[in-house]
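*Asks:* run-v8.cif is reproduced below (mmCIF, C-alpha atoms).
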data_entry
#
loop_
_atom_site.label_atom_id
_atom_site.label_comp_id
_atom_site.auth_asym_id
_atom_site.auth_seq_id
_atom_site.Cartn_x
_atom_site.Cartn_y
_atom_site.Cartn_z
CA MET A 1 71.90 116.70 135.28
CA ARG A 2 70.51 119.96 136.47
CA ARG A 3 71.30 121.11 139.93
CA ILE A 4 69.30 123.48 141.99
CA ALA A 5 69.60 125.18 145.27
CA ILE A 6 67.49 124.05 148.08
CA ALA A 7 66.30 127.20 149.24
CA ALA A 8 65.03 127.87 152.41
CA ALA A 9 62.89 128.72 155.18
CA ALA A 10 59.74 130.37 156.20
CA THR A 11 59.34 132.89 153.48
CA VAL A 12 57.20 135.83 154.31
CA SER A 13 54.50 135.87 151.74
CA VAL A 14 54.35 132.76 149.64
CA VAL A 15 50.69 132.05 150.00
CA VAL A 16 49.81 130.57 146.69
CA LEU A 17 46.32 129.24 146.79
CA LEU A 18 45.49 126.84 144.03
CA PHE A 19 43.02 124.17 143.50
CA SER A 20 42.48 121.70 140.79
CA TYR A 21 39.97 119.16 139.75
CA ARG A 22 39.95 115.68 138.45
CA THR A 23 36.80 114.26 137.07
CA SER A 24 37.18 110.74 138.19
CA THR A 25 39.30 108.23 139.94
CA ASP A 26 41.07 107.31 136.75
CA GLN A 27 42.90 110.59 137.19
CA THR A 28 41.78 112.15 133.98
CA PRO A 29 42.54 115.82 134.27
CA VAL A 30 40.04 118.43 133.24
CA ALA A 31 40.67 122.05 132.69
CA THR A 32 38.10 123.37 135.10
CA GLY A 33 40.44 124.34 137.88
CA ARG A 34 41.48 127.87 138.40
CA PRO A 35 43.68 129.59 140.90
CA LEU A 36 42.13 131.39 143.80
CA GLY A 37 43.87 134.12 145.65
CA GLY A 38 47.39 135.38 145.39
CA GLY A 39 50.41 134.19 143.56
CA THR A 40 51.32 133.88 139.96
CA GLN A 41 49.61 131.39 137.77
CA PRO A 42 51.41 128.28 136.71
CA THR A 43 52.28 128.23 133.08
CA ARG A 44 51.36 125.41 130.82
CA THR A 45 54.12 125.27 128.27
CA THR A 46 52.67 122.41 126.31
CA THR A 47 49.04 121.69 125.82
CA PRO A 48 48.09 118.23 127.02
CA ALA A 49 48.24 116.04 123.97
CA THR A 50 44.82 114.55 123.52
CA PRO A 51 41.77 114.18 125.69
CA ALA A 52 42.46 111.23 127.88
CA THR A 53 40.43 108.15 127.22
CA PRO A 54 38.49 106.65 130.09
CA GLY A 55 40.53 104.13 132.01
CA SER A 56 43.82 105.51 130.88
CA ALA A 57 45.77 107.51 133.35
CA GLY A 58 45.86 111.18 132.90
CA GLY A 59 47.25 113.78 130.60
CA SER A 60 50.60 114.41 129.09
CA GLY A 61 52.68 117.50 128.64
CA THR A 62 55.15 119.75 130.31
CA PHE A 63 54.06 121.83 133.25
CA THR A 64 55.94 124.54 135.03
CA GLY A 65 55.30 125.32 138.65
CA ASP A 66 55.14 128.72 140.22
CA ALA A 67 58.46 130.34 140.94
CA ALA A 68 58.50 129.97 144.70
CA ASP A 69 60.14 132.97 146.31
CA THR A 70 62.67 132.06 148.92
CA ARG A 71 65.05 134.28 150.77
CA TYR A 72 67.78 133.03 148.46
CA GLY A 73 65.88 133.73 145.30
CA PRO A 74 63.24 132.12 143.12
CA VAL A 75 62.99 128.37 142.66
CA GLN A 76 60.94 126.93 139.86
CA VAL A 77 60.36 123.36 138.79
CA GLN A 78 59.11 121.93 135.52
CA ILE A 79 57.69 118.43 135.20
CA THR A 80 56.99 116.28 132.21
CA VAL A 81 53.93 114.09 132.49
CA SER A 82 53.33 111.14 130.25
CA GLY A 83 50.38 108.81 130.64
CA GLY A 84 49.64 110.30 134.05
CA LYS A 85 53.14 109.68 135.40
CA ILE A 86 55.83 112.23 136.07
CA THR A 87 58.61 111.11 133.80
CA ASP A 88 60.97 114.00 134.25
CA ALA A 89 61.47 116.95 136.54
CA GLN A 90 63.88 119.80 136.15
CA ALA A 91 64.65 122.93 138.05
CA VAL A 92 64.28 125.70 135.51
CA GLN A 93 65.10 128.50 137.88
CA TYR A 94 67.20 128.49 141.00
CA PRO A 95 69.42 130.81 143.00
CA GLN A 96 73.03 130.52 142.00
CA GLU A 97 74.51 133.97 142.40
CA SER A 98 75.67 134.70 145.87
CA GLY A 99 78.21 132.96 148.04
CA ARG A 100 75.44 132.11 150.40
CA ASP A 101 73.64 130.20 147.70
CA VAL A 102 76.75 128.24 146.94
CA ARG A 103 76.84 127.17 150.55
CA ILE A 104 73.23 126.18 150.41
CA ASN A 105 73.87 124.29 147.22
CA SER A 106 76.71 122.34 148.67
CA ALA A 107 74.66 121.38 151.68
CA ALA A 108 72.07 119.52 149.68
CA VAL A 109 71.60 119.41 145.98
CA PRO A 110 68.50 117.99 144.45
CA GLU A 111 68.93 116.14 141.25
CA LEU A 112 65.45 115.25 140.31
CA ASN A 113 65.85 113.18 137.23
CA GLN A 114 64.14 110.62 135.18
CA GLU A 115 65.96 107.62 136.59
CA THR A 116 65.20 108.33 140.22
CA LEU A 117 61.60 109.10 139.48
CA GLN A 118 61.09 105.97 137.48
CA ALA A 119 62.86 103.90 140.08
CA GLN A 120 60.25 105.02 142.54
CA SER A 121 57.50 104.52 139.95
CA ALA A 122 56.59 107.96 141.02
CA GLN A 123 52.99 108.31 140.09
CA ILE A 124 52.50 110.76 142.87
CA ASP A 125 49.61 113.07 143.61
CA THR A 126 51.33 115.34 146.07
CA VAL A 127 54.57 116.02 147.92
CA SER A 128 55.49 116.11 151.58
CA GLY A 129 58.76 117.49 152.84
CA ALA A 130 60.37 119.37 155.63
CA THR A 131 59.15 122.93 155.34
CA TYR A 132 62.40 124.39 156.55
CA THR A 133 64.67 122.52 154.22
CA SER A 134 63.31 122.86 150.79
CA GLU A 135 60.16 124.83 150.90
CA GLY A 136 60.83 126.54 147.61
CA TYR A 137 61.61 123.40 145.73
CA GLN A 138 58.80 121.38 147.17
CA GLN A 139 56.30 124.18 146.65
CA SER A 140 57.32 124.57 143.07
CA LEU A 141 57.12 120.82 142.45
CA GLN A 142 53.67 120.76 144.04
CA SER A 143 52.54 123.67 141.92
CA ALA A 144 53.79 121.93 138.79
CA ILE A 145 51.65 118.96 139.84
CA ASP A 146 48.78 121.37 140.39
CA ALA A 147 49.30 122.77 136.91
CA ALA A 148 49.29 119.30 135.39
CA HIS A 149 45.84 118.64 136.82
CA ARG A 150 44.21 121.91 136.09
CA MET B 1 51.57 131.26 157.75
CA GLY B 2 53.97 131.90 154.91
CA THR B 3 53.15 128.81 152.98
CA GLN B 4 51.28 127.41 150.05
CA ALA B 5 48.09 125.42 150.11
CA SER B 6 46.94 123.17 147.26
CA LEU B 7 43.53 121.57 147.21
CA HIS B 8 42.76 118.71 144.86
CA LEU B 9 39.29 117.26 144.42
CA ARG B 10 38.42 114.12 142.51
CA GLY B 11 35.13 112.44 141.69
CA PRO B 12 32.53 111.91 138.98
CA ARG B 13 30.57 115.11 139.63
CA VAL B 14 33.45 117.41 140.39
CA ASP B 15 32.67 119.89 137.65
CA THR B 16 28.87 119.66 137.74
CA ASP B 17 28.11 119.67 141.46
CA PRO B 18 27.08 123.25 142.28
CA ALA B 19 28.25 122.80 145.87
CA VAL B 20 31.89 122.48 144.80
CA GLU B 21 32.76 126.07 144.12
CA PRO B 22 31.37 127.55 147.35
CA ALA B 23 33.00 124.77 149.36
CA VAL B 24 36.38 125.44 147.77
CA ALA B 25 35.98 129.18 148.36
CA ALA B 26 35.13 128.45 151.99
CA VAL B 27 38.29 126.38 152.42
CA PHE B 28 40.55 129.16 151.20
CA GLY B 29 38.53 131.80 153.01
CA TYR B 30 39.05 129.93 156.25
CA LEU B 31 42.79 129.62 155.61
CA ARG B 32 43.05 133.34 154.93
CA ALA B 33 41.12 134.18 158.08
CA THR B 34 43.40 132.02 160.24
CA ASP B 35 46.46 133.50 158.58
CA GLU B 36 45.28 136.99 159.49
CA LEU B 37 44.82 135.98 163.09
CA PHE B 38 47.89 133.82 163.65
CA SER B 39 50.64 134.98 161.30
CA THR B 40 53.83 136.01 163.04
CA TYR B 41 54.72 137.90 159.87
CA ARG B 42 51.77 140.24 160.15
CA PRO B 43 52.34 142.93 162.76
CA ASP B 44 48.57 143.38 163.06
CA SER B 45 47.81 139.73 163.83
CA GLN B 46 46.62 138.70 167.27
CA VAL B 47 49.62 136.44 167.71
CA SER B 48 52.00 139.30 166.93
CA ALA B 49 50.20 141.46 169.50
CA LEU B 50 50.42 138.62 171.99
CA ARG B 51 54.15 138.29 171.37
CA ARG B 52 54.54 142.01 172.07
CA ARG B 53 52.51 141.49 175.27
CA GLU B 54 49.94 143.93 173.98
CA LEU B 55 46.91 141.65 173.91
CA PRO B 56 44.92 141.27 177.11
CA ARG B 57 43.20 137.94 177.65
CA ALA B 58 39.78 139.57 177.33
CA GLU B 59 40.53 140.54 173.73
CA TRP B 60 41.54 137.11 172.52
CA HIS B 61 39.64 135.78 169.53
CA PRO B 62 37.96 132.45 170.41
CA TRP B 63 40.23 130.69 167.89
CA LEU B 64 43.29 132.04 169.69
CA ALA B 65 41.99 130.71 172.99
CA GLU B 66 41.38 127.34 171.32
CA VAL B 67 44.88 127.25 169.84
CA VAL B 68 46.56 128.24 173.09
CA ALA B 69 44.69 125.46 174.89
CA LEU B 70 45.76 122.99 172.18
CA CYS B 71 49.36 124.18 172.51
CA GLU B 72 49.22 123.43 176.23
CA GLU B 73 47.83 119.99 175.53
CA ALA B 74 50.49 119.39 172.88
CA ARG B 75 53.28 120.38 175.24
CA GLU B 76 51.97 117.96 177.82
CA ARG B 77 51.34 115.11 175.42
CA THR B 78 54.83 115.37 173.90
CA ASP B 79 56.68 115.53 177.24
CA GLY B 80 57.58 119.11 176.43
CA TYR B 81 59.28 118.34 173.11
CA PHE B 82 56.69 120.51 171.39
CA ASP B 83 56.69 123.79 173.30
CA PRO B 84 55.54 126.97 171.51
CA TRP B 85 56.49 129.03 174.55
CA ARG B 86 60.16 128.09 174.41
CA LEU B 87 61.02 129.23 170.93
CA PRO B 88 63.39 131.96 169.86
CA GLY B 89 61.37 135.17 169.53
CA GLY B 90 58.73 134.15 172.03
CA PHE B 91 55.41 132.33 171.83
CA ASP B 92 54.90 130.97 168.32
CA PRO B 93 52.03 128.54 167.71
CA SER B 94 52.75 128.26 163.96
CA GLY B 95 53.86 124.62 164.33
CA LEU B 96 50.37 123.72 165.47
CA VAL B 97 48.27 126.30 163.67
CA LYS B 98 49.04 125.10 160.16
CA GLY B 99 47.69 121.60 160.78
CA TRP B 100 44.81 122.85 162.88
CA ALA B 101 43.76 125.39 160.25
CA ALA B 102 44.12 123.02 157.28
CA GLU B 103 42.03 120.45 159.03
CA LYS B 104 39.28 122.86 159.98
CA ALA B 105 39.34 124.32 156.49
CA ALA B 106 38.92 120.85 154.96
CA VAL B 107 35.78 120.31 157.03
CA ARG B 108 34.15 122.66 154.51
CA LEU B 109 34.41 119.82 151.99
CA ALA B 110 32.46 117.34 154.11
CA ARG B 111 29.17 118.01 152.37
CA LEU B 112 30.59 117.24 148.94
CA ARG B 113 29.29 113.73 148.58
CA GLY B 114 31.29 111.31 146.49
CA LEU B 115 34.30 113.57 146.08
CA ASP B 116 37.78 112.73 147.30
CA HIS B 117 40.11 115.49 148.39
CA TYR B 118 43.51 116.36 149.64
CA LEU B 119 44.68 119.65 151.05
CA ASN B 120 48.44 120.11 151.10
CA ALA B 121 49.53 123.02 153.31
CA GLY B 122 53.27 123.52 152.91
CA GLY B 123 53.96 119.79 152.69
CA ASP B 124 51.56 118.65 155.40
CA ILE B 125 48.52 116.89 154.07
CA THR B 126 44.99 116.11 155.16
CA ALA B 127 43.04 113.82 152.88
CA GLY B 128 39.74 112.04 152.39
CA VAL B 129 38.99 109.17 150.02
CA HIS B 130 35.45 107.91 150.18
CA GLY B 131 34.63 105.07 147.82
CA SER B 132 36.23 101.76 148.75
CA HIS B 133 37.17 101.27 145.10
CA ALA B 134 38.74 104.70 144.80
CA PRO B 135 42.52 104.76 144.80
CA ALA B 136 44.49 106.27 147.63
CA TRP B 137 46.37 109.53 147.11
CA ARG B 138 50.05 108.84 146.54
CA VAL B 139 52.34 111.11 148.53
CA GLY B 140 56.00 111.47 147.65
CA VAL B 141 58.04 112.13 150.80
CA GLU B 142 61.13 114.11 149.96
CA ASP B 143 64.47 112.59 150.85
CA PRO B 144 66.13 115.33 152.95
CA ALA B 145 69.60 114.14 151.98
CA ASP B 146 68.70 114.37 148.31
CA PRO B 147 65.37 116.12 147.81
CA SER B 148 65.37 115.13 144.18
CA THR B 149 64.40 111.65 145.22
CA PHE B 150 61.73 110.33 147.49
CA LEU B 151 62.36 108.71 150.82
CA ALA B 152 59.08 106.92 150.41
CA VAL B 153 55.91 107.03 148.39
CA LEU B 154 53.07 106.61 150.87
CA GLU B 155 49.42 105.94 150.19
CA LEU B 156 47.00 108.15 152.05
CA ARG B 157 43.26 107.60 152.09
CA THR B 158 41.45 109.30 154.94
CA GLY B 159 43.75 110.85 157.47
CA ALA B 160 46.83 112.98 157.62
CA LEU B 161 50.55 113.04 156.97
CA ALA B 162 53.12 115.56 158.21
CA THR B 163 56.88 115.88 157.78
CA SER B 164 59.32 117.79 159.97
CA GLY B 165 62.97 118.29 159.27
CA SER B 166 65.76 120.75 158.85
CA ALA B 167 68.52 119.12 156.88
CA ALA B 168 69.49 121.45 154.12
CA ARG B 169 69.94 124.67 156.02
CA GLY B 170 71.38 123.07 159.09
CA PRO B 171 69.55 122.71 162.36
CA HIS B 172 66.44 124.79 162.90
CA ILE B 173 64.18 122.94 165.27
CA VAL B 174 65.16 123.43 168.88
CA ASP B 175 64.87 120.83 171.62
CA PRO B 176 62.92 122.84 174.22
CA HIS B 177 64.56 120.89 177.05
CA THR B 178 68.09 121.84 176.14
CA GLY B 179 67.63 124.92 173.98
CA LEU B 180 69.92 123.25 171.47
CA HIS B 181 69.21 122.50 167.86
CA ALA B 182 68.05 118.98 167.16
CA THR B 183 70.57 117.22 164.95
CA LYS B 184 69.91 113.49 165.22
CA LEU B 185 67.31 113.27 162.49
CA LEU B 186 67.11 114.76 159.02
CA SER B 187 63.37 114.33 158.72
CA VAL B 188 60.50 112.45 160.25
CA THR B 189 57.09 111.82 158.71
CA VAL B 190 54.11 110.96 160.90
CA THR B 191 50.74 109.64 159.74
CA GLY B 192 47.54 109.47 161.74
CA PRO B 193 43.88 110.39 161.94
CA THR B 194 44.31 114.16 162.32
CA LEU B 195 46.76 116.61 160.79
CA LEU B 196 46.96 118.66 163.95
CA TRP B 197 48.46 115.79 165.93
CA ALA B 198 50.45 114.27 163.06
CA ASP B 199 52.15 117.65 162.65
CA VAL B 200 52.72 118.21 166.38
CA LEU B 201 54.11 114.70 166.82
CA ALA B 202 56.41 115.05 163.80
CA THR B 203 57.84 118.30 165.18
CA ALA B 204 58.23 116.84 168.67
CA ALA B 205 59.79 113.63 167.33
CA PHE B 206 62.26 115.65 165.32
CA ALA B 207 63.25 117.67 168.38
CA ARG B 208 63.60 114.53 170.49
CA GLY B 209 65.26 112.11 168.08
CA GLY B 210 66.48 108.90 169.66
CA ASP B 211 66.77 105.29 168.55
CA ASP B 212 63.31 104.63 169.93
CA VAL B 213 61.61 107.55 168.20
CA LYS B 214 59.13 105.30 166.37
CA GLN B 215 57.97 103.69 169.58
CA TRP B 216 57.88 107.08 171.28
CA VAL B 217 55.50 108.48 168.66
CA SER B 218 53.21 105.44 168.75
CA ALA B 219 53.01 105.69 172.54
CA ARG B 220 51.98 109.37 172.47
CA ALA B 221 48.61 108.86 170.79
CA PRO B 222 46.76 105.87 169.36
CA GLY B 223 46.74 105.61 165.60
CA TYR B 224 49.83 107.74 164.95
CA GLU B 225 53.03 106.31 163.62
CA VAL B 226 56.33 107.21 162.01
CA ALA B 227 55.89 106.38 158.33
CA ALA B 228 59.24 107.64 157.05
CA LEU B 229 62.44 108.54 158.85
CA ALA B 230 65.84 109.85 157.82
CA ARG B 231 68.60 109.85 160.42
CA ALA B 232 71.64 112.06 160.28
CA PRO B 233 74.69 110.17 159.01
#
Once more with this new file: its structure as structure tokens, please.
*Replies:*
Amino acid sequence: MRRIAIAAAATVSVVVLLFSYRTSTDQTPVATGRPLGGGTQPTRTTTPATPATPGSAGGSGTFTGDAADTRYGPVQVQITVSGGKITDAQAVQYPQESGRDVRINSAAVPELNQETLQAQSAQIDTVSGATYTSEGYQQSLQSAIDAAHR
Amino acid sequence: MGTQASLHLRGPRVDTDPAVEPAVAAVFGYLRATDELFSTYRPDSQVSALRRRELPRAEWHPWLAEVVALCEEARERTDGYFDPWRLPGGFDPSGLVKGWAAEKAAVRLARLRGLDHYLNAGGDITAGVHGSHAPAWRVGVEDPADPSTFLAVLELRTGALATSGSAARGPHIVDPHTGLHATKLLSVTVTGPTLLWADVLATAAFARGGDDVKQWVSARAPGYEVAALARAP
């Protein structure tokens, strides 16, 4: 299992403005979204497999969120979407160098993995969390979700 | 405001309705304008000038006057548990401005008929779902003790959801009555009709804590309730 730091706090300039579209309530993603404003663009590492058929839920593929800058370093999350559900999530980048990060790590370590997600049947559209605890992680997870629907 | 905003739209005409693109641009334009005015990170913002005591009342932008009045109302309505004047570093309305701004920004989507939306500003969400057959947005609420899992997955149609907490880095929200860091809760999520008040009540509830925190929130304003709660071990 991958471990990542929960990094922290009101970062100075992470204003990533993204929007994305879905054509219909069956959550079929369409590639008409585009980022507005600052921030790096999410990277689609795998092209969604096939155009989704009406009535089926959503696309499939692997989507990597923005690296969210935190005062402890960048945090970046990658999700795997299958049939419109998040089936896996991994931190692909996280602070692990300094002693401070080790302390942060030991305070709370996310282990976002397939089992926990499936246990929650996590077909989620968005994420809410305490801004001060895990802003970087949550932002990156949200931006991976954004990428999956663009 | 040092945060990220994601806007998702959904509906049959989302990529053909010519009103979509200007509405989306207006949402982000509004967020940028409020950030310029209220950011404590920008030395040239009005709030920064106010904190340095360099901004006479006559020079306040109308939005600043509106926010200050809302801060006063919030302090009163929360029995002083939300108090932007008693924060380290001086007056800081950020805890109210984010919800206020997101909500006012989302008003720009009102004319998009038949489209559902959510706007997620740093984990606090305002949403609208219009058709009765349309599914709710599903919101994963991070578990502060293990942010890899969800404390709850909540369905949100039209309304708002806000989470306050400070688990991972240790205490950060101060109880204005004692000046001490709140430590009883790890996170609290409040739902209700408006994001402004859901966010204010979540912050106040976190500062207050208490076994009766759910009842306390419900008694502050009709329609608001604690939808997810994590207590410190």
*Asks:* Apply the PyMOL selection byres ((chain B and resi 76-86) around 9) to the displayed file and report the matching residues as a ChimeraX atom specification.
*Replies:* /B:71-75,87-96,174-177,179,200-201,203-208,217,220-221
*Asks:* Under the PyMOL selection byres ((chain B and resi 117-126) around 6), which residues of this model are included? Write them out as a list in words.
*Replies:*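 In the shown coordinates, the PyMOL selection byres ((chain B and resi 117-126) around 6) covers Ser128 and Gly129 of chain A; Thr3, Gln4, Ala5, Ser6, Leu7, His8, Leu9, Asp116, Ala127, Gly128, Gly159, Ala160, Leu161, Ala162 and Leu195 of chain B.
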*Asks:* I'd like the contact shell of range 100-114 of chain B - 8 Å cut-off, only C-alpha atoms, skipping same-chain residues fewer than 4 positions apart - returned as a list in words.
*Replies:*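 Listed by chain and then number, they are Gly11, Pro12, Arg13, Ala19, Val20, Ala23, Val24, Ala26, Val27, Phe28, Tyr30, Leu31, Thr34, Leu96, Leu119, Ala121, Thr126, His130, Gly131, Thr194, Leu195 and Leu196 of chain B.
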*Asks:* Only C-alpha atoms, please: the residues just picked out, written as an mmCIF file, in the frame of the given file.
*Replies:*
data_model
loop_
_atom_site.group_PDB
_atom_site.id
_atom_site.type_symbol
_atom_site.label_atom_id
_atom_site.label_comp_id
_atom_site.auth_asym_id
_atom_site.auth_seq_id
_atom_site.Cartn_x
_atom_site.Cartn_y
_atom_site.Cartn_z
ATOM 1 C CA GLY B 11 35.130 112.440 141.690
ATOM 2 C CA PRO B 12 32.530 111.910 138.980
ATOM 3 C CA ARG B 13 30.570 115.110 139.630
ATOM 4 C CA ALA B 19 28.250 122.800 145.870
ATOM 5 C CA VAL B 20 31.890 122.480 144.800
ATOM 6 C CA ALA B 23 33.000 124.770 149.360
ATOM 7 C CA VAL B 24 36.380 125.440 147.770
ATOM 8 C CA ALA B 26 35.130 128.450 151.990
ATOM 9 C CA VAL B 27 38.290 126.380 152.420
ATOM 10 C CA PHE B 28 40.550 129.160 151.200
ATOM 11 C CA TYR B 30 39.050 129.930 156.250
ATOM 12 C CA LEU B 31 42.790 129.620 155.610
ATOM 13 C CA THR B 34 43.400 132.020 160.240
ATOM 14 C CA LEU B 96 50.370 123.720 165.470
ATOM 15 C CA LEU B 119 44.680 119.650 151.050
ATOM 16 C CA ALA B 121 49.530 123.020 153.310
ATOM 17 C CA THR B 126 44.990 116.110 155.160
ATOM 18 C CA HIS B 130 35.450 107.910 150.180
ATOM 19 C CA GLY B 131 34.630 105.070 147.820
ATOM 20 C CA THR B 194 44.310 114.160 162.320
ATOM 21 C CA LEU B 195 46.760 116.610 160.790
ATOM 22 C CA LEU B 196 46.960 118.660 163.950
#
*Asks:* Since I can't run it myself right now, could you work out what the PyMOL selection byres ((chain B and resi 184) around 6) selects here and report it as an MDAnalysis selection string?
*Replies:* chainID B and resid 183 185 209 232
*Asks:* List every protein, DNA or RNA residue that has an atom no more than 9 Å from (55.7, 114.1, 148.2) in the file's coordinate frame, counting all atoms listed in the file, and report them as number ranges by chain.
*Replies:* A: 124-129, 138, 141-142; B: 123, 138-142, 150-154
*Asks:* Would you kindly identify which residues have an atom no farther than 7 Å from (62.0, 115.5, 154.7), using all atoms listed in the file and the file's own coordinates, and write them out as a PyMOL selection string?
*Replies:* (chain A and resi 129-130) or (chain B and resi 141-144+163-165+186-188)
*Asks:* Could you dump the residues just selected with C-alpha atoms as a PDB file, in the coordinates of the input?
*Replies:*
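File written: part38.pdb
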ATOM      1  CA  GLY A 129      58.760 117.490 152.840  1.00  0.00           C
ATOM      2  CA  ALA A 130      60.370 119.370 155.630  1.00  0.00           C
TER       3      ALA A 130
ATOM      4  CA  VAL B 141      58.040 112.130 150.800  1.00  0.00           C
ATOM      5  CA  GLU B 142      61.130 114.110 149.960  1.00  0.00           C
ATOM      6  CA  ASP B 143      64.470 112.590 150.850  1.00  0.00           C
ATOM      7  CA  PRO B 144      66.130 115.330 152.950  1.00  0.00           C
ATOM      8  CA  THR B 163      56.880 115.880 157.780  1.00  0.00           C
ATOM      9  CA  SER B 164      59.320 117.790 159.970  1.00  0.00           C
ATOM     10  CA  GLY B 165      62.970 118.290 159.270  1.00  0.00           C
ATOM     11  CA  LEU B 186      67.110 114.760 159.020  1.00  0.00           C
ATOM     12  CA  SER B 187      63.370 114.330 158.720  1.00  0.00           C
ATOM     13  CA  VAL B 188      60.500 112.450 160.250  1.00  0.00           C
TER      14      VAL B 188
END
*Asks:* Interatomic distance between CA of Arg231 in chain B and CA of Asp211 in chain B?
*Replies:*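 Distance between the two atoms: 9.5 Å.
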*Asks:* Let me make sure I understand: among B:Val226, B:Val213, B:Val14, B:Val97, which one has the smallest atom-to-atom distance to Thr189 in chain B if we use only C-alpha atoms?
*Replies:*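 Nearest candidate to Thr189 in chain B out of B:Val226, B:Val213, B:Val14, B:Val97: B:Val226.
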*Asks:* Work out how far apart CA of Gln78 in chain A and CA of Thr158 in chain B are and give it in Å to one decimal.
*Replies:*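 It comes out at 29.1 Å.
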*Asks:* Of the candidates A:Thr62, A:Thr80, A:Ala67, A:Asp146, which shows the shortest atom-to-atom distance to chain B, using only C-alpha atoms?
*Replies:*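 Of A:Thr62, A:Thr80, A:Ala67, A:Asp146, the one nearest chain B is A:Asp146, counting only C-alpha atoms.
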